[in-house]
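Structure data follow from coords_20.cif (mmCIF, C-alpha atoms):
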data_run
#
loop_
_atom_site.label_atom_id
_atom_site.label_comp_id
_atom_site.auth_asym_id
_atom_site.auth_seq_id
_atom_site.Cartn_x
_atom_site.Cartn_y
_atom_site.Cartn_z
CA MET A 1395 0.00 0.00 0.00
CA LYS A 1396 3.04 2.27 -0.07
CA GLU A 1397 2.21 3.91 -3.40
CA LEU A 1398 -1.43 4.43 -2.39
CA ALA A 1399 -0.26 6.20 0.77
CA THR A 1400 2.05 8.38 -1.35
CA ILE A 1401 -0.78 9.20 -3.76
CA LEU A 1402 -3.05 10.15 -0.87
CA GLY A 1403 -0.35 12.41 0.52
CA ILE A 1404 0.07 14.24 -2.80
CA CYS A 1405 -3.68 14.66 -3.27
CA SER A 1406 -4.02 15.97 0.26
CA LEU A 1407 -1.25 18.55 -0.04
CA HIS A 1408 -1.68 19.54 -3.71
CA PRO A 1409 -5.09 18.38 -5.02
CA GLU A 1410 -4.91 20.88 -7.88
CA ASN A 1411 -1.92 19.03 -9.36
CA ALA A 1412 -3.66 15.65 -9.67
CA LEU A 1413 -4.94 14.87 -13.15
CA ALA A 1414 -5.76 11.17 -13.32
CA LEU A 1415 -5.53 7.91 -11.41
CA ALA A 1416 -4.20 4.88 -13.25
CA THR A 1417 -4.79 1.37 -11.85
CA LEU A 1418 -3.50 -1.93 -13.16
CA VAL A 1419 -6.74 -3.95 -13.17
CA LYS A 1420 -5.77 -7.12 -15.04
CA ALA A 1421 -2.52 -8.89 -15.90
CA SER A 1422 -1.70 -12.14 -17.65
CA GLY A 1423 1.57 -13.79 -18.50
CA SER A 1424 4.89 -12.32 -17.41
CA THR A 1425 4.43 -8.80 -15.99
CA TYR A 1426 6.32 -6.67 -13.49
CA ARG A 1427 3.30 -5.54 -11.46
CA ARG A 1428 0.10 -7.29 -10.47
CA PRO A 1429 -3.51 -6.03 -10.23
CA GLY A 1430 -3.90 -3.23 -7.73
CA ALA A 1431 -0.69 -1.38 -8.69
CA ARG A 1432 -1.36 2.34 -9.08
CA MET A 1433 0.09 5.61 -10.19
CA LEU A 1434 -1.06 9.19 -10.02
CA VAL A 1435 -0.64 11.34 -13.13
CA LEU A 1436 0.13 14.97 -12.35
CA ARG A 1437 -0.73 17.94 -14.53
CA ASN A 1438 2.90 18.34 -15.54
CA GLY A 1439 2.76 14.86 -17.07
CA GLU A 1440 4.86 13.22 -14.39
CA PRO A 1441 3.69 10.04 -12.61
CA SER A 1442 3.83 9.13 -8.94
CA GLY A 1443 3.77 5.39 -8.36
CA SER A 1444 3.99 2.84 -11.15
CA VAL A 1445 2.05 0.21 -13.09
CA SER A 1446 5.18 -1.42 -14.53
CA ALA A 1447 8.95 -1.28 -14.19
CA GLY A 1448 9.03 1.97 -16.15
CA CYS A 1449 7.87 0.46 -19.45
CA LEU A 1450 4.27 1.67 -19.55
CA GLU A 1451 4.18 4.90 -17.61
CA ARG A 1452 4.95 7.18 -20.55
CA ASP A 1453 2.35 5.46 -22.73
CA VAL A 1454 -0.29 5.68 -20.02
CA VAL A 1455 0.34 9.39 -19.65
CA GLU A 1456 0.49 10.19 -23.36
CA LYS A 1457 -2.32 7.95 -24.65
CA GLY A 1458 -4.65 7.94 -21.70
CA ALA A 1459 -4.33 10.68 -19.14
CA ARG A 1460 -3.20 13.78 -21.03
CA ARG A 1461 -6.43 14.00 -22.98
CA LEU A 1462 -8.20 14.55 -19.66
CA ALA A 1463 -6.46 17.91 -19.32
CA LYS A 1464 -8.54 19.29 -22.19
CA GLY A 1465 -11.51 19.71 -19.87
CA GLY A 1466 -15.10 18.59 -20.30
CA GLU A 1467 -16.52 15.20 -19.47
CA HIS A 1468 -14.08 12.38 -20.09
CA PRO A 1469 -15.13 8.89 -18.98
CA ALA A 1470 -12.80 6.35 -17.49
CA ASP A 1471 -10.82 4.45 -20.09
CA VAL A 1472 -8.97 1.11 -20.10
CA ARG A 1473 -5.70 0.88 -22.00
CA HIS A 1474 -4.36 -2.50 -23.13
CA PHE A 1475 -0.64 -3.15 -23.39
CA ARG A 1476 0.87 -6.29 -24.89
CA GLY A 1477 4.54 -7.22 -24.78
CA GLY A 1478 6.52 -7.93 -27.91
CA GLY A 1479 4.37 -6.30 -30.57
CA HIS A 1480 4.01 -2.96 -28.79
CA ARG A 1481 6.70 -0.32 -28.71
CA PHE A 1482 7.22 1.00 -25.21
CA GLY A 1483 9.00 4.16 -24.20
CA ALA A 1484 11.57 2.39 -22.04
CA GLY A 1485 11.52 -1.08 -23.61
CA LEU A 1486 9.42 -3.91 -22.19
CA GLY A 1487 11.28 -6.69 -20.42
CA CYS A 1488 8.39 -9.15 -20.39
CA LYS A 1489 5.81 -10.59 -22.78
CA GLY A 1490 2.68 -10.35 -20.69
CA VAL A 1491 -0.53 -8.39 -21.21
CA VAL A 1492 -1.71 -5.69 -18.83
CA HIS A 1493 -4.93 -3.66 -18.67
CA VAL A 1494 -4.72 -0.22 -17.07
CA LEU A 1495 -7.78 1.74 -15.98
CA VAL A 1496 -7.27 5.50 -16.33
CA GLU A 1497 -9.79 7.68 -14.49
CA PRO A 1498 -10.17 11.45 -14.41
CA LEU A 1499 -9.47 12.82 -10.97
CA ARG A 1500 -11.68 15.76 -10.10
CA PRO A 1501 -14.02 16.56 -7.19
CA GLY A 1502 -16.96 14.18 -7.13
CA SER A 1503 -15.47 11.72 -9.64
CA ALA A 1504 -15.38 7.98 -8.98
CA ALA A 1505 -11.60 8.11 -8.54
CA ASP A 1506 -11.93 10.96 -6.06
CA ASP A 1507 -14.51 8.97 -4.09
CA PHE A 1508 -12.14 6.00 -3.99
CA LEU A 1509 -9.21 8.06 -2.71
CA ARG A 1510 -11.43 9.63 -0.04
CA PHE A 1511 -12.54 6.16 1.03
CA ALA A 1512 -8.94 4.88 1.18
CA GLY A 1513 -7.84 8.00 3.03
CA GLY A 1514 -10.54 7.42 5.64
CA LEU A 1515 -9.35 3.84 6.12
CA PHE A 1516 -5.80 5.00 6.63
CA GLN A 1517 -6.83 7.66 9.15
CA ARG A 1518 -8.88 5.14 11.15
CA ARG A 1519 -6.18 2.45 10.84
CA GLN A 1520 -8.73 0.12 9.24
CA SER A 1521 -8.76 -2.35 6.40
CA GLY A 1522 -11.24 -2.33 3.56
CA ALA A 1523 -12.04 -3.67 0.12
CA ALA A 1524 -13.05 -2.17 -3.21
CA ALA A 1525 -14.64 -3.76 -6.28
CA THR A 1526 -14.14 -1.77 -9.50
CA VAL A 1527 -15.79 -2.47 -12.86
CA PHE A 1528 -13.31 -2.14 -15.72
CA GLU A 1529 -15.03 -3.93 -18.59
CA VAL A 1530 -18.71 -4.31 -19.50
CA ARG A 1531 -20.16 -6.57 -22.19
CA GLY A 1532 -23.76 -6.72 -23.29
CA HIS A 1533 -26.49 -4.41 -22.08
CA LEU A 1534 -25.88 -3.72 -18.42
CA PRO A 1535 -26.66 -0.42 -16.68
CA VAL A 1536 -23.04 -0.24 -15.46
CA ARG A 1537 -20.15 2.01 -16.44
CA VAL A 1538 -16.42 1.43 -16.43
CA GLY A 1539 -15.12 2.83 -13.15
CA ASP A 1540 -18.24 2.12 -11.08
CA ARG A 1541 -17.30 0.84 -7.61
CA LEU A 1542 -18.45 -0.70 -4.38
CA MET A 1543 -16.32 -0.07 -1.30
CA LEU A 1544 -16.53 -1.84 2.05
CA ASP A 1545 -14.79 -1.29 5.41
CA THR A 1546 -14.33 -3.59 8.39
CA GLY A 1547 -17.33 -2.02 10.12
CA GLY A 1548 -19.61 -3.25 7.33
CA HIS A 1549 -20.20 0.23 5.91
CA VAL A 1550 -20.69 0.24 2.13
CA ALA A 1551 -19.94 3.17 -0.16
CA GLY A 1552 -20.97 3.35 -3.80
CA ARG A 1553 -23.68 1.41 -5.55
CA ILE A 1554 -24.08 -0.61 -8.73
CA GLU A 1555 -27.40 -0.01 -10.49
CA GLU A 1556 -27.72 -3.62 -11.66
CA GLN A 1557 -28.98 -5.27 -8.47
CA SER A 1558 -27.72 -8.79 -9.12
CA LEU A 1559 -24.25 -7.46 -10.00
CA ASN A 1560 -24.36 -5.25 -6.91
CA THR A 1561 -25.00 -8.34 -4.77
CA LYS A 1562 -22.20 -10.35 -6.42
CA MET A 1563 -19.67 -7.54 -6.11
CA LEU A 1564 -20.54 -6.93 -2.47
CA ALA A 1565 -20.05 -10.64 -1.71
CA ALA A 1566 -16.71 -10.60 -3.54
CA ALA A 1567 -15.58 -7.50 -1.62
CA THR A 1568 -16.57 -9.14 1.67
CA GLU A 1569 -14.52 -12.23 0.79
CA ALA A 1570 -11.54 -10.10 -0.28
CA LEU A 1571 -11.64 -8.22 3.02
CA SER A 1572 -11.80 -11.46 5.00
CA ALA A 1573 -9.06 -13.24 3.04
CA ASN A 1574 -6.95 -10.11 2.40
CA ARG A 1575 -6.77 -11.05 -1.28
CA THR A 1576 -6.79 -9.05 -4.53
CA ARG A 1577 -7.89 -10.62 -7.80
CA THR A 1578 -9.72 -10.03 -11.07
CA MET A 1579 -13.17 -11.60 -11.39
CA GLU A 1580 -15.79 -11.90 -14.13
CA PHE A 1581 -19.50 -11.93 -13.33
CA GLU A 1582 -21.94 -13.42 -15.85
CA LEU A 1583 -25.43 -11.96 -15.86
CA PRO A 1584 -28.53 -12.46 -18.05
CA GLY A 1585 -27.92 -9.15 -19.81
CA GLY A 1586 -24.17 -9.45 -20.25
CA ALA A 1587 -20.98 -9.70 -18.20
CA ALA A 1588 -18.67 -7.47 -16.20
CA GLN A 1589 -15.01 -7.81 -15.32
CA VAL A 1590 -14.16 -6.45 -11.89
CA LEU A 1591 -10.98 -5.81 -9.90
CA VAL A 1592 -11.68 -6.90 -6.32
CA GLU A 1593 -8.94 -5.71 -3.99
CA ALA A 1594 -8.09 -5.68 -0.33
CA ILE A 1595 -6.86 -2.37 1.08
CA ASP A 1596 -4.69 -2.30 4.19
CA ALA A 1597 -3.59 0.79 6.07
CA PRO A 1598 0.21 1.01 6.42
CA ALA A 1599 1.51 -0.86 9.46
CA PRO A 1600 2.43 1.57 12.28
CA LEU A 1601 5.99 1.86 13.53
CA VAL A 1602 6.82 4.01 16.56
CA ILE A 1603 10.46 4.96 17.10
CA PHE A 1604 11.11 5.87 20.72
CA GLY A 1605 14.08 8.17 20.92
CA ALA A 1606 14.90 10.89 18.39
CA GLY A 1607 18.66 10.58 18.46
CA HIS A 1608 20.91 10.60 15.43
CA ASP A 1609 20.39 6.89 14.85
CA ALA A 1610 16.62 7.40 14.49
CA GLY A 1611 16.99 9.40 11.26
CA PRO A 1612 18.15 6.56 9.00
CA LEU A 1613 15.63 4.19 10.61
CA SER A 1614 12.80 6.64 9.98
CA ARG A 1615 13.77 7.07 6.32
CA LEU A 1616 14.13 3.34 5.72
CA ALA A 1617 10.85 2.49 7.46
CA LYS A 1618 8.97 5.09 5.41
CA GLU A 1619 10.57 3.85 2.21
CA VAL A 1620 9.25 0.33 2.74
CA GLY A 1621 5.76 1.53 3.60
CA PHE A 1622 5.39 1.94 7.36
CA HIS A 1623 3.39 4.71 9.02
CA VAL A 1624 6.21 6.24 11.05
CA THR A 1625 5.94 8.11 14.35
CA VAL A 1626 9.04 9.41 16.14
CA ALA A 1627 8.65 10.10 19.87
CA ASP A 1628 11.03 11.62 22.40
CA VAL A 1629 10.83 13.33 25.79
CA ARG A 1630 13.28 16.00 24.60
CA PRO A 1631 11.64 18.84 22.62
CA ALA A 1632 14.97 19.82 21.13
CA TYR A 1633 15.26 16.38 19.56
CA ALA A 1634 11.63 15.77 18.58
CA GLN A 1635 11.63 18.29 15.74
CA VAL A 1636 9.73 17.83 12.48
CA ALA A 1637 12.64 19.36 10.57
CA ARG A 1638 14.88 16.53 11.77
CA PHE A 1639 12.48 13.83 10.52
CA PRO A 1640 10.83 15.14 7.34
CA GLU A 1641 9.87 11.64 6.17
CA ALA A 1642 7.99 10.71 9.36
CA ASP A 1643 4.22 10.91 9.48
CA ALA A 1644 4.31 12.31 13.01
CA VAL A 1645 6.96 13.64 15.40
CA VAL A 1646 5.74 14.01 18.98
CA VAL A 1647 7.07 15.07 22.36
CA VAL A 1648 5.96 12.60 25.01
CA ARG A 1649 5.89 13.04 28.76
CA PRO A 1650 6.72 9.97 30.83
CA ARG A 1651 4.13 9.07 33.43
CA LYS A 1652 5.15 9.65 37.00
CA LEU A 1653 5.23 6.27 38.62
CA PRO A 1654 4.98 5.74 42.38
CA ARG A 1655 8.23 5.22 44.15
CA TRP A 1656 8.77 1.68 45.26
CA VAL A 1657 10.85 0.69 48.24
CA TRP A 1658 12.81 -2.39 47.41
CA THR A 1659 14.05 -4.63 50.20
CA ILE A 1660 16.86 -6.88 49.15
CA GLU A 1661 17.35 -9.91 51.29
CA PRO A 1662 20.29 -12.25 50.91
CA ARG A 1663 19.38 -15.56 49.33
CA PRO A 1664 20.11 -18.57 51.47
CA SER A 1665 23.06 -20.44 50.27
CA SER A 1666 22.36 -23.74 48.53
CA CYS A 1667 25.77 -25.05 49.54
CA ARG A 1668 26.40 -26.72 52.82
CA THR A 1669 29.73 -26.69 54.49
CA THR A 1670 30.80 -29.50 56.63
CA THR A 1671 33.49 -29.63 59.15
#
Could you spell out this file's structure in structure tokens?
Amino acid sequence: MKELATILGICSLHPENALALATLVKASGSTYRRPGARMLVLRNGEPSGSVSAGCLERDVVEKGARRLAKGGEHPADVRHFRGGGHRFGAGLGCKGVVHVLVEPLRPGSAADDFLRFAGGLFQRRQSGAAATVFEVRGHLPVRVGDRLMLDTGGHVAGRIEEQSLNTKMLAAATEALSANRTRTMEFELPGGAAQVLVEAIDAPAPLVIFGAGHDAGPLSRLAKEVGFHVTVADVRPAYAQVARFPEADAVVVVRPRKLPRWVWTIEPRPSSCRTTT
């Protein structure tokens, strides 16, 4: 969940810079990333996060996301990338097939609703699940990008108009939350079929570093790099400074509790050795 946490941080600090959210929704064969990988496309054309090892990012930006900057209503779009026959900006090192969902990111959009949901999970230190439609066949009242989202409290966000699909997706999200598993599923219905990414979402594991000495700096940076939610705590205000730990999620000054004084009586232990004369 490291890249999702990074995306949430960027959208929180600079929401005006976010242009589109790209999600790897389906992969087959040899690929670098698996379903659930994400990247945020910024208005300057740069990505944050990745859906490959650097092979697809330029194509996703150029062919999918940049058209969203033109304004107006632009629906979510799925881009298909196949190894071998496709020319990639950085050269593809595998021969798999990946499907990337590109969604416009603006207030009230489906992607914005998803990031708000994930951000709420992270703030509450909860897990959740999301089921996202990325392909529709036949005549179903469903759009690419429609979602159901579920948290551990049983609260559901979003709704699928097709009732039977809504029921199936909710059951799949419940199972994903219970098993902590992400996968691509296809649901057959009388009027058609829908392919759905069903993913588990976990808040970053918390790590508290007690003591803000010089050795805590490298530990804080490393822990943040691998995806922990990092808090640095110290009783010394001069040490617990945000400027000293810019990567940490929180830097706090703690006050030790005053414990009652105990009177210890030390009695000599009887010797287990016997002397004889």
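Note that atom CA of A:Lys1396 and atom CA of A:Thr1578 are 20.9 Å apart.
Between A:Leu1434 and the residues A:Glu1593, A:Asp1609, A:Glu1555, A:Glu1451, the shortest atom-to-atom distance, using only C-alpha atoms, involves A:Glu1451.
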### Task
Translate the PyMOL selection byres ((chain A and resi 1443-1449) around 9), as applied to the file shown, into an explicit residue set as a PyMOL selection string.
chain A and resi 1396-1398+1400-1401+1416-1418+1425-1435+1441-1442+1450-1453+1482-1487+1494
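Evaluated on this file, the PyMOL selection byres ((chain A and resi 1594) around 7) matches Gly1522, Ala1523, Ala1524, Ala1570, Leu1571, Asn1574, Arg1575, Thr1576, Glu1593, Ile1595 and Asp1596 of chain A.
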Serialized selection, C-alpha atoms, as a short mmCIF file (atom, residue, chain, number, x, y, z; two decimals), in the coordinates of the input:
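This went into selection.cif:
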data_model
loop_
_atom_site.label_atom_id
_atom_site.label_comp_id
_atom_site.auth_asym_id
_atom_site.auth_seq_id
_atom_site.Cartn_x
_atom_site.Cartn_y
_atom_site.Cartn_z
CA GLY A 1522 -11.24 -2.33 3.56
CA ALA A 1523 -12.04 -3.67 0.12
CA ALA A 1524 -13.05 -2.17 -3.21
CA ALA A 1570 -11.54 -10.10 -0.28
CA LEU A 1571 -11.64 -8.22 3.02
CA ASN A 1574 -6.95 -10.11 2.40
CA ARG A 1575 -6.77 -11.05 -1.28
CA THR A 1576 -6.79 -9.05 -4.53
CA GLU A 1593 -8.94 -5.71 -3.99
CA ILE A 1595 -6.86 -2.37 1.08
CA ASP A 1596 -4.69 -2.30 4.19
#
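If you apply the PyMOL selection byres ((chain A and resi 1490) around 8) to this structure, you end up with Ala1421, Ser1422, Gly1423, Ser1424, Thr1425, Arg1476, Gly1477, Cys1488, Lys1489, Val1491 and Val1492 of chain A.
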Once you have the residues from the selection above, write them out as a short mmCIF file (atom, residue, chain, number, x, y, z; two decimals), in the frame of the given file, restricted to C-alpha atoms.
data_model
loop_
_atom_site.label_atom_id
_atom_site.label_comp_id
_atom_site.auth_asym_id
_atom_site.auth_seq_id
_atom_site.Cartn_x
_atom_site.Cartn_y
_atom_site.Cartn_z
CA ALA A 1421 -2.52 -8.89 -15.90
CA SER A 1422 -1.70 -12.14 -17.65
CA GLY A 1423 1.57 -13.79 -18.50
CA SER A 1424 4.89 -12.32 -17.41
CA THR A 1425 4.43 -8.80 -15.99
CA ARG A 1476 0.87 -6.29 -24.89
CA GLY A 1477 4.54 -7.22 -24.78
CA CYS A 1488 8.39 -9.15 -20.39
CA LYS A 1489 5.81 -10.59 -22.78
CA VAL A 1491 -0.53 -8.39 -21.21
CA VAL A 1492 -1.71 -5.69 -18.83
#
Listed atoms of stretch 1521-1537 of chain A boxed axis-aligned with 5 Å per side, centre + edges as JSON:
{"center_x": -17.7, "center_y": -2.4, "center_z": -8.4, "size_x": 27.9, "size_y": 18.7, "size_z": 39.7}
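Distance check against A:Arg1500 using all atoms listed in the file: of A:Ala1597, A:Ala1414, A:Leu1616, A:Val1626, the minimum falls on A:Ala1414.
Take atom CA of A:Gln1520 and atom CA of A:Glu1410: the distance between them is 27.2 Å.
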### Task
Mind checking which residues fall within 12 Å of A:Lys1562, counting only C-alpha atoms, ignoring those fewer than 2 positions away in the same chain, and posting them as a PyMOL selection string?
chain A and resi 1525+1542+1553-1554+1556-1560+1564-1569+1579-1583+1587-1590+1592
## Note on the structure
Of A:Val1527, A:Val1620, A:Leu1591, A:Ile1404, the one nearest to A:Lys1420 when counting only C-alpha atoms is A:Leu1591
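Across the structure, atom CA of A:Leu1534 and atom CA of A:Gly1586 are spaced 6.3 Å apart.
Candidate residues A:Pro1640, A:Pro1612, A:Gly1547, A:Gly1621 were compared for distance to A:Pro1598, and the nearest is A:Gly1621, using all atoms listed in the file.
By all atoms listed in the file, and with residues fewer than 6 positions from A:Phe1604 along its chain excluded, the set lying at most 10 Å from it is Ala1610, Thr1625, Val1626, Ala1627, Asp1628, Val1629, Val1646 and Val1648 of chain A.
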### Message
Excluding A:Arg1537 and its own-chain neighbours fewer than 2 positions away, which residues fall within 9 Å of it when counting only C-alpha atoms? Please give them as a list in words.
### Response
Pro1469, Ala1470, Val1527, Phe1528, Glu1529, Val1530, Leu1534, Pro1535, Gly1539 and Asp1540 of chain A
### Task
Please identify all polymer residues within 12 Å of A:Ala1644, counting only C-alpha atoms, omitting same-chain residues fewer than 5 positions from it, and present them as number ranges by chain.
A: 1600-1603, 1606, 1614, 1618, 1622-1628, 1634-1639
Can you write just those residues out, C-alpha atoms, as a CSV table (one decimal), in the frame of the given file?
chain,number,residue,atom,x,y,z
A,1600,PRO,CA,2.4,1.6,12.3
A,1601,LEU,CA,6.0,1.9,13.5
A,1602,VAL,CA,6.8,4.0,16.6
A,1603,ILE,CA,10.5,5.0,17.1
A,1606,ALA,CA,14.9,10.9,18.4
A,1614,SER,CA,12.8,6.6,10.0
A,1618,LYS,CA,9.0,5.1,5.4
A,1622,PHE,CA,5.4,1.9,7.4
A,1623,HIS,CA,3.4,4.7,9.0
A,1624,VAL,CA,6.2,6.2,11.0
A,1625,THR,CA,5.9,8.1,14.4
A,1626,VAL,CA,9.0,9.4,16.1
A,1627,ALA,CA,8.6,10.1,19.9
A,1628,ASP,CA,11.0,11.6,22.4
A,1634,ALA,CA,11.6,15.8,18.6
A,1635,GLN,CA,11.6,18.3,15.7
A,1636,VAL,CA,9.7,17.8,12.5
A,1637,ALA,CA,12.6,19.4,10.6
A,1638,ARG,CA,14.9,16.5,11.8
A,1639,PHE,CA,12.5,13.8,10.5
